[in-house]
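Below is one structure, written out as structure tokens, with a few remarks after it.
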Amino acid sequence: MHTDLFIANEWRKATSGQTLEVMNPATEEILASIEAAGEADVDAAVMSARDRFDSDEWRRLSARKRGAMLYRAGELLAQRAKEVAKLETLQNGKPFFESSIDIAMTVETLKYYGGWADKLGGNVVPVASGDFVYTDRVPVGVVGAIVPWNFPLNLASWKVAPALAAGCTVVLKPAAETPLTALVLAEIIQQAGFPPGALNVIPGRGTTAGVALVKHPGVDKIAFTGSTEVGRQIMRHAADTMKRVTLELGGKSPNVIFADADLKAAVRGAQNGIFYGKGEVCAAGSRLLVERSVHDVVVEQLVARAKKLVPGDPFDENTRLGAIVSRRQHERVMSYIVAGKSEASLVAGGNATSVNGKGFFIEATVFDDAKPGMRIVDEEIFGPVLSVIAFDDQDEAIHIANQSMYGLAAGIWTKDIQKAFRVARAIRAGTVWVNTYNMYDPAAPFGGFKQSGYGRELGREALDGYTETKTVWMGLR
Ligand code: NAD
């Protein structure tokens with residue numbers, strides 16, 4: 001297991017003299033003590049990315065070769081999938097089967113962008129003067145990628161892969177809670193043939209390393225996933241140096257069940273929408289909107305399912321609900337449950353639990369009789385807590401669905417095709433799932449409306465965030 005910073009393809013001690021303790025949230029054991037980047041370490045990482053980006057060698061490296069290296073990185077990760085999934089579960093607390101899905105998606109993401117690297121071209125532009133004008137897509141430069149702890153490696157790949165494909169160089173700062181798999185990515189990117197400086201990985205705290213990266217004049221773009229609060233700060237800090245910024249922030253996504261839906265599938269979708277990943281998912285379907293005529297039956301079935309989801313050892317293959325990532329997050333989620341008890345009706349869960357007397361576990365929790373204006377309905381909890389809201393008709397469902405400062409994702413359950421299209425169009429969200437939930441693919445763009453951020457990750461669209469358009473005029477008169 002690597003515990004040093006990865007700068008210029010070398011493993012280095014932090015000059016800050018600081019370390020981070022990485023804890024297994026399921027057992028409260030310390031997994032590792034990791035070097036924590038300070039300002040001078042961030043500077044060294046940025047300079048390494050800068051030097052590489054500005055080098056002739058990098059400019060001359062063909063896009064096809066970069067693509068092949070990314071694809072190779074995907075293959076190398078696939079060979080180590082089990083080991084890396086284990087590490088992800090150890091540091092995050094999610095069930096091992098979920099980590100295996102995360103690593104498989106990371107492999108796909110690396111390979112997918114490997115395929116894009118040599119397909120980014122420009123256009124010839126017909127202009128009135130008769131000159132020859134063309135556009136080129138050029139890399140935006142040095143990218144500072146800041147990622148959270150909920151999908152540590154996967155979300156890192158959503159930034160690192162398109163950035164490298166576009167010809168950028170990257171400084172990646174993983175979350176302080178979950179830096180271990182990002183360090184494996186560093187190793188793999190190096191093994192795949194990327195030269196020193198192409199990817200630097202510097203674990204550190206948000207308030208020191210994160211802020212230093214955002215403020216650094218040598219960084220051209222910040223790609224961030226995390227809380228809306230920190231997203232706002234990043235925009236402010238980035239303004240001074242006019243950095244490009246893309247933000248993938250929080251959500252309070254509505255999952256809407258109409259009376260005509262396949263209710264069995266809808267309830268399964270509601271369960272998966274909130275309890276997959278312990279609800280620590282930016283697109284979690286944390287507001288369940290249910291048409292009043294089926295409300296009672298849906299809640300009854302959902303409660304029965306929630307009660308079966310006993311939090312357990314993440315390495316037990318029967319476990320479907322793991323440990324909350326940290327003591328801090330556990331306290332945060334529990335404080336929302338306390339607030340919810342005074343606002344709405346608790347119908348399932350609501351308790352903190354442990355496994356063998358240890359760990360930060362929380363039962364699958366469902367609140368009924370919830371309404372907009374309540375904290376559990378308006379604020380992102382980021383835990384296994386669902387609020388059920390009844391509605392009477394389509395217009396009311398759309399109104400409640402949009403009654404949020406967020407707009408990341410939404411779900412719709414209906415057999416009526418017109419209703420599905422109409423509601424999908426009316427909901428202000430970056431992703432709408434119809435008769436399914438929590439589906440992702442490297443080819444399908446993902447990102448938020450409103451205060452869920454801007455810019456898109458994944459798909460062709462993500463590459464827009466890592467390139468600038470250059471217009472060249474060849475005077476012919
Ligand atoms: P956070 O936003 O504080 O942290 C995310 C990343 O940003 C981490 O790498 C962190 O070190 C870094 N960071 C923190 N402060 C920074 C700053 N001032 N400048 C630059 N980087 C900084 O998220 P968190 O504290 O880990 O979680 C708090 C809440 O954020 C959660 O409860 C949840 O609501 C939300 N969240 C959302 C997502 C998402 O995917 N949208 C992911 C994680 C957390």
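In the structure tokens, chains take the letters A, B, ... in the order shown, each chain's residues start at 1, and ligands count up from 1 in the order shown.
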*Would you return as a ChimeraX atom specification the members of stretch 7-172 of chain A that DSSP assigns to helix (DSSP H, G or I) on this structure's backbone?*
/A:39-54,56-60,63-79,81-92,96-119,152-166
*Residues within 6 Å of ligand 1, counting only C-alpha atoms and all ligand atoms: report them as a ChimeraX atom specification.*
/A:146-150,174-176,205-207,210-211,225-227,230,234,248-250,281-282,380-382
*State, in Å with one decimal place, the distance from atom CA of A:Asp416 to atom CA of A:Val388.*
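About the pair atom CA of A:Asp416 and atom CA of A:Val388: they are 22.2 Å apart.
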*When distances are computed from only C-alpha atoms, which of A:Ala186, A:Val325, A:Leu164, A:Ile417 shows the smallest separation from A:Lys65?*
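Of A:Ala186, A:Val325, A:Leu164, A:Ile417, the one nearest A:Lys65, counting only C-alpha atoms, is A:Leu164.
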Between stretch 66-170 of chain A and stretch 455-476 of chain A, at 6 Å or less, what are the per-residue closest atom pairs and their distances in Å? Count only C-alpha atoms, order by chain and rising residue number, and return it as JSON lines.
```
{"residue": "A:Asp131", "atom": "CA", "partner": "A:Leu476", "partner_atom": "CA", "distance": 4.9}
{"residue": "A:Phe132", "atom": "CA", "partner": "A:Met474", "partner_atom": "CA", "distance": 5.0}
{"residue": "A:Val133", "atom": "CA", "partner": "A:Trp473", "partner_atom": "CA", "distance": 4.5}
{"residue": "A:Tyr134", "atom": "CA", "partner": "A:Val472", "partner_atom": "CA", "distance": 5.4}
{"residue": "A:Thr135", "atom": "CA", "partner": "A:Thr471", "partner_atom": "CA", "distance": 4.4}
{"residue": "A:Asp136", "atom": "CA", "partner": "A:Lys470", "partner_atom": "CA", "distance": 5.1}
{"residue": "A:Arg137", "atom": "CA", "partner": "A:Thr469", "partner_atom": "CA", "distance": 4.9}
{"residue": "A:Val138", "atom": "CA", "partner": "A:Thr467", "partner_atom": "CA", "distance": 5.2}
{"residue": "A:Pro139", "atom": "CA", "partner": "A:Thr467", "partner_atom": "CA", "distance": 4.3}
{"residue": "A:Val140", "atom": "CA", "partner": "A:Thr467", "partner_atom": "CA", "distance": 4.7}
{"residue": "A:Pro162", "atom": "CA", "partner": "A:Leu463", "partner_atom": "CA", "distance": 5.8}
{"residue": "A:Ala163", "atom": "CA", "partner": "A:Tyr466", "partner_atom": "CA", "distance": 5.6}
```
For the selection just defined, write its residues with C-alpha atoms to a file, as a PDB file, in the first residue's frame.
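Below is the file that was written, again_10.pdb:
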```
ATOM      1  CA  ASP A 131      -9.964  33.492 -45.750  1.00  0.00           C
ATOM      2  CA  PHE A 132      -9.404  29.941 -44.573  1.00  0.00           C
ATOM      3  CA  VAL A 133     -10.639  29.612 -41.006  1.00  0.00           C
ATOM      4  CA  TYR A 134     -10.498  26.507 -38.880  1.00  0.00           C
ATOM      5  CA  THR A 135     -11.042  25.601 -35.277  1.00  0.00           C
ATOM      6  CA  ASP A 136      -8.925  23.284 -33.201  1.00  0.00           C
ATOM      7  CA  ARG A 137      -9.682  21.695 -29.822  1.00  0.00           C
ATOM      8  CA  VAL A 138      -6.710  22.236 -27.555  1.00  0.00           C
ATOM      9  CA  PRO A 139      -6.207  21.016 -23.986  1.00  0.00           C
ATOM     10  CA  VAL A 140      -7.154  23.521 -21.300  1.00  0.00           C
ATOM     11  CA  PRO A 162     -11.104  12.781 -19.994  1.00  0.00           C
ATOM     12  CA  ALA A 163      -8.418  15.257 -18.878  1.00  0.00           C
TER      13      ALA A 163
END
```
_Shell of 10 Å around A:Cys168, only C-alpha atoms, local chain residues under 6 positions omitted, as a PyMOL selection string_ = chain A and resi 49-50+52-53+58+138-143+160-162+198-199+220-221+466-467
*asked:* Set the distance at 12 Å and use only C-alpha atoms: which residues neighbour A:Ala426 once local chain neighbours fewer than 2 positions away are removed? I'd like the list as an MDAnalysis selection string.
replied: chainID A and resid 394:402 407 410 412 419:424 428:430 432
*So, counting only C-alpha atoms, which residue among A:Gly204, A:Gly383, A:Pro314, A:Pro445 is closest to A:Ala85?*
A:Pro314
Write out as CSV a residue-level contact list of stretch 201-232 of chain A versus stretch 239-242 of chain A with cut-off 12 Å: for each qualifying residue the closest pair of atoms and the distance in Å to one decimal, counting only C-alpha atoms, rows sorted by chain and residue number upward.
```
residue,atom,partner,partner_atom,distance
A:Leu213,CA,A:Thr241,CA,11.9
A:Val214,CA,A:Thr241,CA,9.4
A:Lys215,CA,A:Thr241,CA,7.6
A:His216,CA,A:Thr241,CA,8.3
A:Pro217,CA,A:Thr241,CA,6.3
A:Gly218,CA,A:Thr241,CA,9.3
A:Val219,CA,A:Thr241,CA,8.9
A:Asp220,CA,A:Met242,CA,8.2
A:Lys221,CA,A:Met242,CA,8.8
A:Ile222,CA,A:Met242,CA,10.5
A:Arg232,CA,A:Ala239,CA,11.0
```
*List the neighbours of A:Ile7 out to 7 Å using only C-alpha atoms; skip same-chain residues closer than 4 positions along the sequence, and give me the result as a ChimeraX atom specification.*
/A:11-12,45,48,197,200-201
*Excluding same-chain residues fewer than 2 positions from A:Glu187, what lies within 10 Å of it counting only C-alpha atoms, as a ChimeraX atom specification?*
/A:2,6,9-11,73,76-77,181-185,189-192,199,201
With only C-alpha atoms counted and 8 Å as the cut-off, give the residues of stretch 387-464 of chain A in contact with stretch 100-112 of chain A, each with its shortest interatomic distance in Å and the pair that gives it, as CSV.
```
residue,atom,partner,partner_atom,distance
A:Asp441,CA,A:Met105,CA,7.6
A:Pro442,CA,A:Thr109,CA,5.3
A:Ala443,CA,A:Tyr112,CA,7.5
```
Store the residues of this selection in a file with all heavy atoms, as a PDB file, in the first residue's frame.
```
ATOM      1  N   ASP A 441     -23.119   5.180 -17.134  1.00  0.00           N
ATOM      2  CA  ASP A 441     -22.280   4.595 -18.175  1.00  0.00           C
ATOM      3  C   ASP A 441     -21.283   5.681 -18.579  1.00  0.00           C
ATOM      4  O   ASP A 441     -21.665   6.857 -18.627  1.00  0.00           O
ATOM      5  CB  ASP A 441     -23.149   4.192 -19.376  1.00  0.00           C
ATOM      6  CG  ASP A 441     -22.361   3.404 -20.395  1.00  0.00           C
ATOM      7  OD1 ASP A 441     -21.584   4.022 -21.176  1.00  0.00           O
ATOM      8  OD2 ASP A 441     -22.495   2.164 -20.422  1.00  0.00           O
ATOM      9  N   PRO A 442     -20.043   5.298 -18.871  1.00  0.00           N
ATOM     10  CA  PRO A 442     -19.079   6.340 -19.240  1.00  0.00           C
ATOM     11  C   PRO A 442     -19.539   7.176 -20.438  1.00  0.00           C
ATOM     12  O   PRO A 442     -19.118   8.323 -20.591  1.00  0.00           O
ATOM     13  CB  PRO A 442     -17.814   5.553 -19.609  1.00  0.00           C
ATOM     14  CG  PRO A 442     -17.973   4.230 -18.977  1.00  0.00           C
ATOM     15  CD  PRO A 442     -19.439   3.955 -18.836  1.00  0.00           C
ATOM     16  N   ALA A 443     -20.400   6.629 -21.277  1.00  0.00           N
ATOM     17  CA  ALA A 443     -20.838   7.352 -22.476  1.00  0.00           C
ATOM     18  C   ALA A 443     -21.991   8.308 -22.205  1.00  0.00           C
ATOM     19  O   ALA A 443     -22.311   9.151 -23.043  1.00  0.00           O
ATOM     20  CB  ALA A 443     -21.253   6.346 -23.558  1.00  0.00           C
TER      21      ALA A 443
END
```
*Enumerate, as a PyMOL selection string, the complete set of residues in stretch 210-394 of chain A that a backbone-based DSSP assignment places in strand (DSSP E).*
chain A and resi 221-225+244-248+254-257+287-291+345-348+352-355+358-362+365-368+385-391
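Nearest residue to A:Glu331 among A:Glu57, A:Ala352, A:Ile389, A:Glu291 is A:Ala352, counting only C-alpha atoms.
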_Please determine, counting only C-alpha atoms, which residue among A:Ile376, A:Ser62, A:Asp313, A:Gly448 has the shortest atom-to-atom distance to A:Ser335._
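Of the candidates, the smallest distance to A:Ser335 is held by A:Ile376.
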*Hey, can you check how far atom CA of A:Lys252 sits from atom CA of A:Leu408?*
7.6 Å
*Enter the distance from atom CA of A:Leu346 to atom CA of A:Ala304, in Å, rounded to one decimal.*
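Rounded to one decimal, the two atoms are 13.6 Å apart.
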*asked:* Which residues are close to A:Ala344, i.e. within 12 Å by only C-alpha atoms, leaving aside same-chain residues fewer than 2 positions away? Reply as JSON, numbers by chain.
replied: {"A": [336, 337, 338, 339, 340, 341, 342, 346, 347, 366, 367, 368, 369, 370, 371, 372, 373, 374, 375, 376, 377, 386, 387, 388, 389]}
Just write the chosen residues, N, CA, C and O atoms, as an mmCIF file, in the first residue's frame.
```
data_model
loop_
_atom_site.group_PDB
_atom_site.id
_atom_site.type_symbol
_atom_site.label_atom_id
_atom_site.label_comp_id
_atom_site.auth_asym_id
_atom_site.auth_seq_id
_atom_site.Cartn_x
_atom_site.Cartn_y
_atom_site.Cartn_z
ATOM 1 N N TYR A 336 -29.748 14.672 11.336
ATOM 2 C CA TYR A 336 -30.928 14.828 10.461
ATOM 3 C C TYR A 336 -32.058 13.901 10.906
ATOM 4 O O TYR A 336 -33.230 14.255 10.823
ATOM 5 N N ILE A 337 -31.688 12.715 11.374
ATOM 6 C CA ILE A 337 -32.725 11.776 11.827
ATOM 7 C C ILE A 337 -33.434 12.357 13.051
ATOM 8 O O ILE A 337 -34.669 12.297 13.152
ATOM 9 N N VAL A 338 -32.677 12.972 13.927
ATOM 10 C CA VAL A 338 -33.283 13.624 15.101
ATOM 11 C C VAL A 338 -34.243 14.715 14.632
ATOM 12 O O VAL A 338 -35.389 14.811 15.093
ATOM 13 N N ALA A 339 -33.799 15.536 13.688
ATOM 14 C CA ALA A 339 -34.667 16.611 13.171
ATOM 15 C C ALA A 339 -35.920 16.007 12.527
ATOM 16 O O ALA A 339 -37.040 16.490 12.736
ATOM 17 N N GLY A 340 -35.723 14.916 11.779
ATOM 18 C CA GLY A 340 -36.841 14.283 11.073
ATOM 19 C C GLY A 340 -37.899 13.765 12.033
ATOM 20 O O GLY A 340 -39.108 13.858 11.750
ATOM 21 N N LYS A 341 -37.451 13.268 13.158
ATOM 22 C CA LYS A 341 -38.409 12.705 14.129
ATOM 23 C C LYS A 341 -39.368 13.783 14.639
ATOM 24 O O LYS A 341 -40.492 13.475 15.001
ATOM 25 N N SER A 342 -38.915 15.025 14.656
ATOM 26 C CA SER A 342 -39.813 16.085 15.138
ATOM 27 C C SER A 342 -40.625 16.691 13.995
ATOM 28 O O SER A 342 -41.522 17.490 14.228
ATOM 29 N N LEU A 346 -41.604 8.683 11.531
ATOM 30 C CA LEU A 346 -40.573 7.659 11.316
ATOM 31 C C LEU A 346 -41.258 6.305 11.160
ATOM 32 O O LEU A 346 -41.979 5.871 12.058
ATOM 33 N N VAL A 347 -41.078 5.647 9.994
ATOM 34 C CA VAL A 347 -41.747 4.354 9.794
ATOM 35 C C VAL A 347 -40.769 3.185 9.638
ATOM 36 O O VAL A 347 -41.176 2.030 9.640
ATOM 37 N N VAL A 366 -36.762 5.401 6.983
ATOM 38 C CA VAL A 366 -37.812 5.967 6.122
ATOM 39 C C VAL A 366 -38.710 6.876 6.955
ATOM 40 O O VAL A 366 -39.214 6.468 8.012
ATOM 41 N N PHE A 367 -38.892 8.108 6.480
ATOM 42 C CA PHE A 367 -39.853 9.035 7.076
ATOM 43 C C PHE A 367 -41.042 9.194 6.144
ATOM 44 O O PHE A 367 -40.866 9.459 4.944
ATOM 45 N N ASP A 368 -42.232 9.042 6.695
ATOM 46 C CA ASP A 368 -43.457 9.269 5.913
ATOM 47 C C ASP A 368 -44.031 10.639 6.310
ATOM 48 O O ASP A 368 -43.556 11.272 7.254
ATOM 49 N N ASP A 369 -45.077 11.054 5.577
ATOM 50 C CA ASP A 369 -45.752 12.342 5.851
ATOM 51 C C ASP A 369 -44.779 13.519 5.786
ATOM 52 O O ASP A 369 -44.873 14.476 6.572
ATOM 53 N N ALA A 370 -43.831 13.425 4.874
ATOM 54 C CA ALA A 370 -42.858 14.514 4.737
ATOM 55 C C ALA A 370 -43.399 15.579 3.773
ATOM 56 O O ALA A 370 -44.245 15.277 2.915
ATOM 57 N N LYS A 371 -42.894 16.797 3.930
ATOM 58 C CA LYS A 371 -43.358 17.918 3.091
ATOM 59 C C LYS A 371 -42.209 18.878 2.818
ATOM 60 O O LYS A 371 -41.331 19.036 3.677
ATOM 61 N N PRO A 372 -42.248 19.549 1.667
ATOM 62 C CA PRO A 372 -41.253 20.601 1.433
ATOM 63 C C PRO A 372 -41.300 21.609 2.577
ATOM 64 O O PRO A 372 -42.366 21.872 3.139
ATOM 65 N N GLY A 373 -40.126 22.146 2.901
ATOM 66 C CA GLY A 373 -40.034 23.059 4.042
ATOM 67 C C GLY A 373 -39.412 22.367 5.247
ATOM 68 O O GLY A 373 -38.839 23.012 6.109
ATOM 69 N N MET A 374 -39.524 21.029 5.286
ATOM 70 C CA MET A 374 -38.863 20.300 6.373
ATOM 71 C C MET A 374 -37.373 20.153 6.021
ATOM 72 O O MET A 374 -37.029 19.983 4.847
ATOM 73 N N ARG A 375 -36.521 20.144 7.045
ATOM 74 C CA ARG A 375 -35.080 20.012 6.774
ATOM 75 C C ARG A 375 -34.764 18.700 6.060
ATOM 76 O O ARG A 375 -33.947 18.657 5.148
ATOM 77 N N ILE A 376 -35.434 17.605 6.480
ATOM 78 C CA ILE A 376 -35.118 16.306 5.864
ATOM 79 C C ILE A 376 -35.561 16.247 4.404
ATOM 80 O O ILE A 376 -35.124 15.386 3.653
ATOM 81 N N VAL A 377 -36.429 17.175 3.999
ATOM 82 C CA VAL A 377 -36.888 17.200 2.608
ATOM 83 C C VAL A 377 -36.049 18.172 1.776
ATOM 84 O O VAL A 377 -35.769 17.926 0.602
ATOM 85 N N LEU A 386 -34.691 8.267 3.830
ATOM 86 C CA LEU A 386 -35.641 8.585 2.750
ATOM 87 C C LEU A 386 -36.829 9.361 3.314
ATOM 88 O O LEU A 386 -37.361 9.019 4.372
ATOM 89 N N SER A 387 -37.272 10.380 2.568
ATOM 90 C CA SER A 387 -38.477 11.121 2.944
ATOM 91 C C SER A 387 -39.564 10.849 1.911
ATOM 92 O O SER A 387 -39.348 11.053 0.711
ATOM 93 N N VAL A 388 -40.735 10.393 2.389
ATOM 94 C CA VAL A 388 -41.836 10.072 1.469
ATOM 95 C C VAL A 388 -42.857 11.216 1.499
ATOM 96 O O VAL A 388 -43.314 11.638 2.564
ATOM 97 N N ILE A 389 -43.183 11.692 0.300
ATOM 98 C CA ILE A 389 -44.108 12.820 0.145
ATOM 99 C C ILE A 389 -45.259 12.357 -0.751
ATOM 100 O O ILE A 389 -45.013 11.868 -1.862
#
```
With stretch 256-265 of chain A as the partner and 6 Å as the cut-off, tabulate the residues of stretch 388-471 of chain A that qualify, each row holding the nearest pair of atoms and their distance in Å to one decimal, using only C-alpha atoms, sorted by chain and rising number, as a tab-separated table.
```
residue	atom	partner	partner_atom	distance
A:Gly411	CA	A:Val256	CA	5.8
A:Ile412	CA	A:Val256	CA	4.8
A:Trp413	CA	A:Ile257	CA	4.8
A:Thr414	CA	A:Ala261	CA	4.0
A:Lys415	CA	A:Ala261	CA	5.3
```
Store the residues of this selection in a file with C-alpha atoms, as a tab-separated table (two decimals), in the first residue's frame.
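Wrote it out as part-v1.tsv, contents follow:
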```
chain	number	residue	atom	x	y	z
A	411	GLY	CA	-36.69	9.14	-11.33
A	412	ILE	CA	-40.13	8.54	-12.82
A	413	TRP	CA	-42.12	5.31	-12.50
A	414	THR	CA	-45.12	4.95	-14.84
A	415	LYS	CA	-46.42	2.73	-17.64
```
